[in-house]
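Heads up, entry.cif below (mmCIF, C-alpha atoms):
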data_entry
loop_
_atom_site.label_atom_id
_atom_site.label_comp_id
_atom_site.auth_asym_id
_atom_site.auth_seq_id
_atom_site.Cartn_x
_atom_site.Cartn_y
_atom_site.Cartn_z
CA MET P 977 -37.07 58.46 28.05
CA ALA P 978 -36.25 55.26 29.88
CA PRO P 979 -39.21 55.08 32.32
CA SER P 980 -41.66 55.02 29.39
CA LYS P 981 -40.26 51.62 28.41
CA ILE P 982 -41.87 50.11 31.51
CA LYS P 983 -45.29 51.61 30.75
CA ASN P 984 -44.99 50.69 27.08
CA PHE P 985 -44.30 47.09 28.07
CA PHE P 986 -47.63 46.85 29.92
CA LEU P 987 -49.53 48.80 27.28
CA ARG P 988 -48.25 46.40 24.64
CA LYS P 989 -49.27 43.37 26.72
CA LYS P 990 -52.71 44.87 27.24
CA ALA P 991 -53.09 45.44 23.49
CA GLU P 992 -52.02 41.86 22.76
CA ALA P 993 -54.57 40.54 25.25
CA LYS P 994 -57.32 42.55 23.56
CA LEU P 995 -56.30 41.20 20.16
CA LYS P 996 -56.58 37.63 21.45
CA LEU P 997 -60.07 38.38 22.78
CA GLY P 998 -61.09 40.10 19.56
CA VAL P 999 -61.72 43.42 21.28
CA ALA P 1000 -58.68 45.37 20.16
CA GLY P 1001 -59.02 49.11 20.29
CA PRO P 1002 -56.98 52.24 20.85
CA GLY P 1003 -54.59 52.22 23.79
CA ARG P 1004 -55.11 54.28 26.95
CA LYS P 1005 -53.12 55.41 29.94
CA LEU P 1006 -52.66 52.86 32.68
CA ASN P 1007 -54.23 55.15 35.25
CA SER P 1008 -57.20 56.31 33.16
CA ASP P 1009 -60.67 55.61 34.57
CA ALA P 1010 -62.14 54.01 31.48
CA PRO P 1011 -61.12 53.08 27.96
CA PRO P 1012 -62.07 55.48 25.15
CA PRO P 1013 -65.14 54.53 23.11
CA PRO P 1014 -64.56 51.98 20.36
CA SER P 1015 -63.76 53.37 16.94
CA SER P 1016 -65.02 52.18 13.61
CA LYS P 1017 -61.37 51.69 12.66
CA ALA P 1018 -60.90 48.99 15.29
CA SER P 1019 -61.84 46.11 13.04
CA SER P 1020 -59.54 47.29 10.25
CA SER P 1021 -56.73 47.73 12.78
CA LYS P 1022 -57.25 44.17 13.96
CA GLN P 1023 -57.00 42.87 10.41
CA LYS P 1024 -53.84 44.89 9.83
CA ASP P 1025 -52.13 43.57 12.98
CA ALA P 1026 -53.07 39.93 12.42
CA TYR P 1027 -50.15 37.68 11.55
CA VAL P 1028 -49.95 36.60 7.94
CA PRO P 1029 -47.39 33.92 7.04
CA PRO P 1030 -44.78 35.51 4.78
CA LYS P 1031 -44.88 34.66 1.11
CA ARG P 1032 -41.76 33.94 -0.87
CA ASN P 1033 -41.58 37.56 -1.97
CA GLU P 1034 -42.10 38.92 1.55
CA LEU P 1035 -39.68 38.77 4.47
CA SER P 1036 -40.65 38.72 8.12
CA ALA P 1037 -39.15 41.32 10.44
CA GLU P 1038 -37.30 38.50 12.23
CA ALA P 1039 -35.55 37.37 9.06
CA LYS P 1040 -34.53 40.92 8.20
CA ALA P 1041 -33.24 41.44 11.74
CA ALA P 1042 -31.00 38.37 11.45
CA ALA P 1043 -29.30 39.67 8.33
CA ASN P 1044 -29.00 43.19 9.73
CA ALA P 1045 -27.46 41.88 12.95
CA ALA P 1046 -24.84 39.96 11.00
CA LEU P 1047 -23.95 43.04 8.98
CA ALA P 1048 -23.75 45.12 12.15
CA ARG P 1049 -21.25 42.67 13.62
CA PHE P 1050 -19.21 42.87 10.44
CA GLU P 1051 -19.12 46.67 10.59
CA GLY P 1052 -17.40 46.46 13.98
CA LYS P 1053 -14.63 44.09 12.86
CA ASP P 1054 -11.19 44.92 11.57
CA LYS P 1055 -11.56 44.48 7.83
CA LYS P 1056 -7.80 44.09 7.40
CA GLU P 1057 -8.06 40.60 8.89
CA PHE P 1058 -9.12 39.11 5.59
CA ASN P 1059 -9.12 39.99 1.92
CA THR P 1060 -12.80 40.77 1.42
CA SER P 1061 -12.80 41.43 -2.32
CA LEU P 1062 -15.40 39.22 -3.98
CA ALA P 1063 -12.89 38.05 -6.56
CA ALA P 1064 -10.52 36.85 -3.85
CA ILE P 1065 -13.36 35.14 -1.98
CA ARG P 1066 -14.55 33.30 -5.09
CA ALA P 1067 -11.00 32.22 -5.88
CA GLN P 1068 -10.58 30.88 -2.34
CA VAL P 1069 -13.88 29.00 -2.58
CA ARG P 1070 -12.87 27.37 -5.89
CA LYS P 1071 -9.53 26.37 -4.40
CA GLU P 1072 -11.16 24.76 -1.38
CA LEU P 1073 -13.79 23.00 -3.51
CA GLU P 1074 -11.02 21.40 -5.54
CA ALA P 1075 -9.28 20.29 -2.34
CA GLU P 1076 -12.57 18.89 -1.02
CA LYS P 1077 -13.12 16.98 -4.28
CA LYS P 1078 -9.66 15.43 -4.02
CA ALA P 1079 -10.34 14.47 -0.40
CA LYS P 1080 -13.55 12.71 -1.44
CA GLU P 1081 -11.79 10.84 -4.23
CA GLY P 1082 -9.13 9.79 -1.75
CA GLY P 1083 -11.71 8.54 0.75
CA GLY P 1084 -10.98 11.26 3.33
CA PRO P 1085 -13.75 12.90 5.37
CA THR P 1086 -15.15 16.30 4.40
CA GLY P 1087 -16.34 19.00 6.78
CA ALA P 1088 -20.01 18.58 5.92
CA GLU P 1089 -19.93 14.88 6.83
CA GLN P 1090 -18.81 15.40 10.40
CA GLU P 1091 -21.45 15.32 13.15
CA GLY P 1092 -21.73 17.96 15.89
CA SER P 1093 -20.51 16.81 19.30
CA ALA P 1094 -18.62 17.95 22.38
CA GLU P 1095 -15.07 16.62 22.46
CA ASP P 1096 -12.65 16.16 25.37
CA GLY P 1097 -9.62 18.40 25.78
CA THR P 1098 -8.80 21.71 27.36
CA ALA P 1099 -11.43 24.43 27.23
CA GLN P 1100 -9.22 26.69 25.11
CA GLU P 1101 -8.47 23.99 22.54
CA ALA P 1102 -12.10 22.95 22.39
CA ARG P 1103 -13.29 26.52 21.85
CA LYS P 1104 -10.98 26.91 18.86
CA ASP P 1105 -12.67 23.88 17.34
CA TYR P 1106 -16.25 25.01 17.97
CA ALA P 1107 -18.46 25.48 14.93
CA VAL P 1108 -19.86 28.57 16.64
CA GLN P 1109 -18.65 30.38 19.75
CA GLY P 1110 -21.96 30.27 21.62
CA VAL P 1111 -25.67 31.09 21.54
CA PHE P 1112 -26.52 34.79 21.51
CA PHE P 1113 -29.65 36.86 22.08
CA ARG P 1114 -31.08 40.33 21.53
CA CYS P 1115 -33.34 42.31 23.89
CA PRO P 1116 -34.86 45.24 21.96
CA MET P 1117 -36.53 46.68 25.07
CA ILE P 1118 -33.18 47.16 26.82
CA GLY P 1119 -30.64 47.83 24.07
CA ASP P 1120 -29.09 46.84 20.75
CA GLU P 1121 -26.33 44.56 22.06
CA ILE P 1122 -26.06 40.88 21.11
CA LEU P 1123 -25.12 38.90 24.23
CA PRO P 1124 -25.29 35.41 25.80
CA TYR P 1125 -28.48 34.71 27.77
CA LYS P 1126 -26.81 34.90 31.20
CA GLU P 1127 -25.41 38.34 30.43
CA TRP P 1128 -28.83 39.55 29.35
CA LYS P 1129 -30.38 38.35 32.62
CA GLY P 1130 -27.87 40.52 34.48
CA ARG P 1131 -28.51 43.49 32.17
CA ILE P 1132 -32.28 43.14 32.59
CA LYS P 1133 -32.00 43.11 36.38
CA GLU P 1134 -29.72 46.15 36.32
CA PHE P 1135 -32.09 47.99 33.97
CA LEU P 1136 -35.16 47.29 36.12
CA TYR P 1137 -33.55 48.50 39.34
CA GLU P 1138 -32.54 51.70 37.54
CA GLN P 1139 -36.23 52.36 36.80
CA LEU P 1140 -37.51 51.91 40.38
CA ALA P 1141 -37.23 55.57 41.34
CA ALA P 1142 -39.35 56.75 38.41
CA ASP P 1143 -41.87 53.88 38.09
CA ARG P 1144 -41.71 51.95 41.35
CA GLY P 1145 -45.00 50.06 41.20
CA LEU P 1146 -44.90 48.87 37.59
CA THR P 1147 -41.17 48.18 37.73
CA ALA P 1148 -41.56 46.14 40.92
CA CYS P 1149 -44.03 43.88 39.09
CA LEU P 1150 -41.40 43.15 36.45
CA ILE P 1151 -38.66 42.65 39.05
CA ILE P 1152 -40.80 40.03 40.79
CA TYR P 1153 -41.26 38.10 37.55
CA ASN P 1154 -37.80 38.58 36.01
CA CYS P 1155 -35.44 38.42 38.99
CA ASN P 1156 -36.78 35.37 40.86
CA PRO P 1157 -37.23 31.65 40.10
CA LYS P 1158 -40.51 31.20 38.23
CA ASP P 1159 -42.23 29.03 40.85
CA ARG P 1160 -41.31 31.43 43.66
CA ALA P 1161 -42.48 34.43 41.62
CA GLU P 1162 -45.84 32.82 40.83
CA VAL P 1163 -46.53 32.10 44.52
CA CYS P 1164 -45.55 35.66 45.43
CA ILE P 1165 -47.78 37.17 42.73
CA GLU P 1166 -50.74 35.04 43.81
CA THR P 1167 -50.29 36.09 47.47
CA LEU P 1168 -49.79 39.79 46.70
CA SER P 1169 -52.82 39.76 44.41
CA LYS P 1170 -54.96 38.38 47.24
CA CYS P 1171 -53.71 41.10 49.61
CA ILE P 1172 -54.58 43.89 47.16
CA GLU P 1173 -57.94 42.33 46.20
CA ASN P 1174 -58.91 42.13 49.88
CA ILE P 1175 -58.35 45.87 50.30
CA ILE P 1176 -60.20 46.73 47.07
CA ASN P 1177 -63.19 44.50 47.89
CA ASN P 1178 -63.30 45.33 51.61
CA PRO P 1179 -62.30 49.01 51.92
CA THR P 1180 -63.57 49.34 55.50
CA GLU P 1181 -61.96 46.17 56.89
CA GLU P 1182 -58.90 47.19 58.91
CA LYS P 1183 -57.56 43.63 59.20
CA TYR P 1184 -56.65 43.59 55.49
CA LYS P 1185 -54.61 46.79 55.85
CA LYS P 1186 -52.05 45.37 58.25
CA ILE P 1187 -49.36 42.71 57.60
CA ARG P 1188 -47.09 41.39 60.34
CA MET P 1189 -43.65 41.08 58.77
CA THR P 1190 -42.69 38.15 61.01
CA ASN P 1191 -45.70 36.18 59.82
CA ARG P 1192 -44.60 32.86 58.33
CA MET P 1193 -46.77 33.27 55.22
CA PHE P 1194 -45.28 36.71 54.59
CA CYS P 1195 -41.72 35.45 55.07
CA ASP P 1196 -42.13 32.31 52.94
CA LYS P 1197 -44.23 33.69 50.09
CA ILE P 1198 -43.57 37.45 49.82
CA LYS P 1199 -40.39 38.58 51.53
CA VAL P 1200 -38.25 35.95 49.77
CA CYS P 1201 -38.99 37.55 46.37
CA GLU P 1202 -37.02 40.48 44.99
CA GLY P 1203 -39.30 43.40 44.23
CA SER P 1204 -42.13 42.36 46.55
CA LEU P 1205 -41.46 45.03 49.21
CA ASP P 1206 -41.10 47.70 46.53
CA PHE P 1207 -44.50 46.65 45.18
CA LEU P 1208 -46.14 46.86 48.61
CA HIS P 1209 -44.62 50.28 49.25
CA ALA P 1210 -45.92 51.52 45.89
CA ALA P 1211 -49.37 50.10 46.76
CA GLY P 1212 -49.54 52.20 49.92
CA PHE P 1213 -47.94 50.08 52.63
CA ALA P 1214 -45.42 51.64 55.03
CA GLU P 1215 -43.21 49.88 57.57
CA ILE P 1216 -44.19 50.66 61.16
CA GLU P 1217 -43.27 48.97 64.43
CA LEU P 1218 -46.23 47.85 66.57
CA ASP P 1219 -45.89 46.10 69.93
CA GLY P 1220 -42.20 45.59 69.27
CA GLU P 1221 -42.75 43.86 65.90
CA PRO P 1222 -42.36 45.27 62.38
CA HIS P 1223 -45.60 45.65 60.43
CA LEU P 1224 -46.69 46.92 57.05
CA ILE P 1225 -49.64 49.31 57.40
CA TRP P 1226 -51.69 50.39 54.39
CA SER P 1227 -52.91 53.93 53.81
CA GLU P 1228 -54.44 55.39 50.68
CA ASP P 1229 -52.29 58.48 51.19
CA ASN P 1230 -49.12 56.38 50.68
CA ILE P 1231 -50.03 55.08 47.22
CA ASP P 1232 -47.57 56.22 44.56
CA PRO P 1233 -48.73 59.24 42.54
CA GLU P 1234 -50.31 58.55 39.13
CA CYS P 1235 -51.16 55.04 40.28
CA SER P 1236 -53.96 53.10 41.95
CA LEU P 1237 -54.52 49.69 43.52
CA GLU P 1238 -56.50 48.59 40.46
CA VAL P 1239 -53.70 49.55 38.09
CA LEU P 1240 -51.06 47.83 40.24
CA LEU P 1241 -53.16 44.69 40.55
CA GLU P 1242 -53.66 44.57 36.78
CA ALA P 1243 -49.95 45.11 36.18
CA LEU P 1244 -49.00 42.44 38.72
CA LYS P 1245 -51.18 39.84 36.98
CA ALA P 1246 -49.99 40.94 33.52
CA ALA P 1247 -46.28 40.80 34.38
CA GLU P 1248 -44.20 38.56 32.12
CA PRO P 1249 -40.51 37.96 31.46
CA ILE P 1250 -38.91 40.75 29.45
CA PRO P 1251 -38.46 39.02 26.09
CA VAL P 1252 -35.06 38.12 24.71
CA GLU P 1253 -34.87 37.01 21.08
CA LEU P 1254 -32.52 34.37 19.73
CA ASP P 1255 -29.97 35.92 17.39
CA ARG P 1256 -29.26 33.85 14.30
CA ASN P 1257 -25.52 34.54 14.62
CA LEU P 1258 -25.42 34.53 10.82
CA GLN P 1259 -22.11 33.45 9.35
CA VAL P 1260 -20.92 32.80 5.80
CA LEU P 1261 -18.26 30.10 5.64
CA LEU P 1262 -15.68 28.65 3.30
CA PRO P 1263 -15.64 24.86 2.82
CA SER P 1264 -12.59 24.56 5.09
CA GLN P 1265 -14.40 26.35 7.91
CA VAL P 1266 -17.33 23.92 8.12
CA LYS P 1267 -14.91 21.27 9.35
CA ARG P 1268 -15.37 22.90 12.72
CA SER P 1269 -18.41 20.92 13.81
CA ASN P 1270 -18.19 20.65 17.61
CA LEU P 1271 -20.92 22.47 19.51
CA PRO P 1272 -20.32 24.64 22.60
CA PRO P 1273 -22.02 23.91 25.96
CA ASP P 1274 -24.69 26.58 25.31
CA PHE P 1275 -26.33 24.23 22.80
CA PHE P 1276 -26.94 21.53 25.40
CA ARG P 1277 -29.68 21.10 28.00
CA ILE P 1278 -27.25 19.18 30.19
CA SER P 1279 -24.01 20.10 31.97
CA PRO P 1280 -20.49 19.43 30.61
CA GLU P 1281 -20.11 16.60 33.12
CA GLU P 1282 -23.30 14.97 31.86
CA ILE P 1283 -22.08 15.42 28.29
CA LYS P 1284 -18.91 13.46 29.11
CA ARG P 1285 -21.00 10.74 30.69
CA GLU P 1286 -23.15 10.60 27.57
CA GLN P 1287 -20.01 10.23 25.46
CA GLN P 1288 -18.93 7.27 27.56
CA LEU P 1289 -22.34 5.71 27.06
CA ARG P 1290 -22.04 6.34 23.31
CA THR P 1291 -18.68 4.54 23.26
CA GLU P 1292 -20.23 1.58 25.06
CA ALA P 1293 -23.14 1.63 22.63
CA LEU P 1294 -20.76 1.44 19.67
CA GLU P 1295 -19.32 -1.73 21.14
CA GLN P 1296 -22.81 -3.21 21.11
CA ALA P 1297 -23.57 -1.99 17.59
CA GLN P 1298 -23.52 -5.51 16.24
CA ILE P 1299 -26.57 -6.40 18.33
CA LEU P 1300 -29.75 -6.46 16.26
CA LYS P 1301 -32.05 -3.63 17.39
CA THR P 1302 -35.75 -3.15 16.82
CA LYS P 1303 -37.15 0.01 15.24
CA ALA P 1304 -38.54 1.06 18.62
CA MET P 1305 -35.09 0.68 20.22
CA ARG P 1306 -33.47 2.80 17.50
CA GLU P 1307 -36.11 5.53 17.81
CA LYS P 1308 -35.67 5.60 21.59
CA GLU P 1309 -31.92 6.09 21.21
CA GLU P 1310 -32.45 8.83 18.62
CA LEU P 1311 -34.83 10.70 20.92
CA ARG P 1312 -32.42 10.39 23.83
CA THR P 1313 -29.75 12.02 21.68
CA ILE P 1314 -31.76 14.96 20.34
CA ASN P 1315 -33.36 15.64 23.73
CA ARG P 1316 -29.92 16.74 24.95
CA TYR P 1317 -30.04 19.87 22.79
CA LYS P 1318 -31.81 23.22 23.12
CA PHE P 1319 -30.54 24.67 19.85
CA SER P 1320 -29.72 23.45 16.37
CA LEU P 1321 -26.98 24.67 14.04
CA ILE P 1322 -28.28 24.90 10.47
CA ARG P 1323 -25.89 25.10 7.53
CA VAL P 1324 -26.86 25.57 3.89
CA ARG P 1325 -24.37 24.65 1.16
CA PHE P 1326 -24.73 26.61 -2.06
CA PRO P 1327 -23.67 25.30 -5.48
CA ASN P 1328 -20.76 27.78 -5.53
CA GLY P 1329 -19.30 26.09 -2.43
CA VAL P 1330 -20.15 28.78 0.13
CA TYR P 1331 -22.00 27.84 3.32
CA LEU P 1332 -24.60 29.90 5.18
CA GLN P 1333 -24.88 29.19 8.93
CA GLY P 1334 -27.49 30.14 11.55
CA THR P 1335 -28.62 29.15 15.04
CA PHE P 1336 -32.19 28.07 15.76
CA ASN P 1337 -34.19 26.87 18.75
CA VAL P 1338 -35.08 23.20 18.28
CA TYR P 1339 -38.79 24.10 18.53
CA GLU P 1340 -38.70 26.73 15.79
CA LYS P 1341 -40.51 25.87 12.58
CA PHE P 1342 -38.77 24.73 9.42
CA GLY P 1343 -40.51 27.64 7.70
CA GLN P 1344 -38.37 30.00 9.79
CA VAL P 1345 -35.25 28.35 8.37
CA CYS P 1346 -36.59 28.99 4.88
CA GLU P 1347 -37.27 32.64 5.77
CA PHE P 1348 -33.72 32.98 7.09
CA VAL P 1349 -32.27 31.60 3.85
CA GLN P 1350 -34.59 33.73 1.75
CA SER P 1351 -33.51 36.90 3.57
CA CYS P 1352 -29.90 36.23 2.54
CA LEU P 1353 -30.51 35.58 -1.17
CA MET P 1354 -29.62 38.05 -3.86
CA HIS P 1355 -32.95 37.12 -5.49
CA GLU P 1356 -35.32 37.07 -2.51
CA SER P 1357 -38.42 36.19 -4.54
CA ALA P 1358 -36.81 33.17 -6.24
CA ASP P 1359 -38.18 29.66 -5.71
CA PHE P 1360 -35.74 27.33 -3.99
CA ALA P 1361 -35.53 24.06 -2.11
CA LEU P 1362 -33.40 22.73 0.72
CA VAL P 1363 -32.20 19.15 0.29
CA SER P 1364 -30.84 16.96 3.10
CA PRO P 1365 -27.52 15.08 2.70
CA GLY P 1366 -29.59 11.94 2.11
CA GLY P 1367 -31.36 13.53 -0.85
CA LEU P 1368 -34.65 14.31 0.91
CA LYS P 1369 -36.15 17.52 -0.47
CA TYR P 1370 -38.15 19.51 2.08
CA ASP P 1371 -40.76 20.91 -0.30
CA ASP P 1372 -43.94 19.65 1.39
CA PRO P 1373 -46.00 22.67 2.58
CA ASP P 1374 -46.76 20.78 5.81
CA ASP P 1375 -43.03 20.67 6.61
CA LEU P 1376 -42.94 24.46 6.92
CA ASP P 1377 -45.10 24.29 10.04
CA ARG P 1378 -43.21 21.42 11.66
CA SER P 1379 -40.48 22.06 14.23
CA LEU P 1380 -36.83 21.18 13.74
CA TYR P 1381 -37.28 18.76 16.64
CA ASP P 1382 -40.19 16.98 14.90
CA LEU P 1383 -38.19 16.79 11.66
CA ARG P 1384 -35.15 15.47 13.59
CA LEU P 1385 -33.01 18.35 12.27
CA VAL P 1386 -31.04 18.41 15.54
CA PRO P 1387 -28.28 19.16 16.59
CA THR P 1388 -26.65 19.98 13.24
CA VAL P 1389 -27.68 19.57 9.64
CA VAL P 1390 -26.20 20.58 6.29
CA PHE P 1391 -28.72 21.30 3.54
CA ASN P 1392 -27.88 21.59 -0.13
CA PHE P 1393 -29.48 24.61 -1.79
CA CYS P 1394 -31.03 24.52 -5.25
CA TYR P 1395 -33.18 26.91 -7.23
CA GLU P 1396 -36.55 25.57 -8.39
CA ASN P 1397 -38.98 26.09 -11.25
CA GLU P 1398 -38.41 29.30 -13.23
CA SER P 1399 -35.47 30.24 -11.01
CA LYS P 1400 -33.30 27.29 -12.05
CA SER P 1401 -31.30 29.42 -14.48
CA LEU P 1402 -30.08 31.77 -11.72
CA THR P 1403 -26.39 31.57 -10.87
CA ASP P 1404 -26.12 34.16 -8.10
CA PHE P 1405 -26.88 33.12 -4.55
CA LEU P 1406 -26.01 35.15 -1.44
CA LYS P 1407 -26.11 38.94 -1.40
CA GLU P 1408 -22.73 40.52 -2.03
CA GLU P 1409 -22.76 42.29 1.32
CA LEU P 1410 -23.17 38.93 3.03
CA MET P 1411 -20.35 37.40 1.01
CA LEU P 1412 -18.14 40.04 2.61
CA LEU P 1413 -18.84 38.40 5.98
CA ILE P 1414 -16.46 35.58 5.04
CA GLN P 1415 -13.40 35.94 7.22
CA SER P 1416 -10.65 33.93 8.84
CA PHE P 1417 -11.48 32.76 12.36
#
Conversion result in structure tokens:
Amino acid sequence: MAPSKIKNFFLRKKAEAKLKLGVAGPGRKLNSDAPPPPSSKASSSKQKDAYVPPKRNELSAEAKAAANAALARFEGKDKKEFNTSLAAIRAQVRKELEAEKKAKEGGGPTGAEQEGSAEDGTAQEARKDYAVQGVFFRCPMIGDEILPYKEWKGRIKEFLYEQLAADRGLTACLIIYNCNPKDRAEVCIETLSKCIENIINNPTEEKYKKIRMTNRMFCDKIKVCEGSLDFLHAAGFAEIELDGEPHLIWSEDNIDPECSLEVLLEALKAAEPIPVELDRNLQVLLPSQVKRSNLPPDFFRISPEEIKREQQLRTEALEQAQILKTKAMREKEELRTINRYKFSLIRVRFPNGVYLQGTFNVYEKFGQVCEFVQSCLMHESADFALVSPGGLKYDDPDDLDRSLYDLRLVPTVVFNFCYENESKSLTDFLKEELMLLIQSF
């Protein structure tokens, strides 16, 4: 049932904290007096839960989720839009490869050579030319939908307020952290924690059991935060008027059932944002479709107005391109460019002409790109390499642990795929079910 999701969230966080401290053990109820005695299986459980980097013949859950999400989106589309027979797809790919070859011979630009940018024009025209229609996320705790980040923030807020009646105290902790600006939430949590600690540590002191609601500290640090009053009510405070002024008066009898000040204090300090996970937005493209290389505003850290200003600066910079620049000057300009982006669009070109496309955070590791590609291959255990347009092969083991930002694989990059070692004789690439994702759009 829905309320259990709130308790499970805190139980999971508590288990993660124990793993980090090396004291992982069986879970317990939030309102239990003491944890159960340690079991001899604890150490084996810890070893089982520890993260092990996936080998080439093993896929991480994240990589599998990306492929499954893409297939789920395909299931909901009208399959009459495009001829999805593999024979027709392969014929279309061959036709477009021949056209691309002629374009190269004639000196014309190809889709893979164009660089991602934000162009001027009407919003509708620009959106038609976007390489991808936005950046999308999943939130397993709330539901199975794939939505933009702003929509998820609204869904999360709606979900939390729905849980207040059943789990007021624990839910209020999450509302404070998820429905307020981070700096405001942190101040509120620190102040509320001090209020609760004072009552716990000084049970006979009446001054800690009364809060004047017109007090400046209360108004500036607590009242301004969504969820703070719900938390205080769950902790045993009730609103009462004294001497013509509203007060919050604490009584042990008012504490929510199946709860305690200690549990609420622990939950308040353990509260974190409800996690949303970046969806890869997996797409399989024909050569003609990779000509769409403009990136939507969701990819940028800056506003559309700032993007236009940057474009003007780029135009001015081109006029000064003849000026001799030092290496330091060039690196500074490169950093200024990539710092504008939050996400990177990765494309992988296979020898049969088909492209695989996915969205990544700029701080994700290159190894996660390899996992993503591996999850889409017909032969998942095959050895392969990704080669940059300049011919650089990313086969150094150290590269797997470096971020896309560090490798300068931002904002877009097109890799060429090739099988390696004993897998060189393979001629099949993407799984057939993924090839069926090719469509007209």
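Distance-wise, CA of Asp1274 in chain P and CA of Asn1154 in chain P end up 20.7 Å apart.
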- Query: Quick one, how far is CA of Ala1148 in chain P from CA of Leu1224 in chain P?
  - Reply: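 Straight-line distance from CA of Ala1148 in chain P to CA of Leu1224 in chain P works out to 16.9 Å.
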- Item | Residues matched by the PyMOL selection byres ((chain P and resi 1129) around 12) as a list in words |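 Output of the PyMOL selection byres ((chain P and resi 1129) around 12): Phe1113, Arg1114, Cys1115, Ile1118, Leu1123, Pro1124, Tyr1125, Lys1126, Glu1127, Trp1128, Gly1130, Arg1131, Ile1132, Lys1133, Glu1134, Phe1135, Leu1136, Ile1151, Tyr1153, Asn1154, Cys1155, Asn1156, Pro1249, Ile1250, Pro1251 and Val1252 of chain P.
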- Item | range 1398-1407 of chain P environment, 8 Å, all atoms listed in the file, sequence neighbours closer than 6 positions dropped, as a ChimeraX atom specification | /P:1326,1352-1355,1358-1360
- Go through P:Phe1213, P:Phe1336, P:Tyr1370, P:Tyr1395 and flag the residue nearest Phe1112 in chain P, using all atoms listed in the file for the distances.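 The answer is P:Phe1336, which sits nearest to Phe1112 in chain P.
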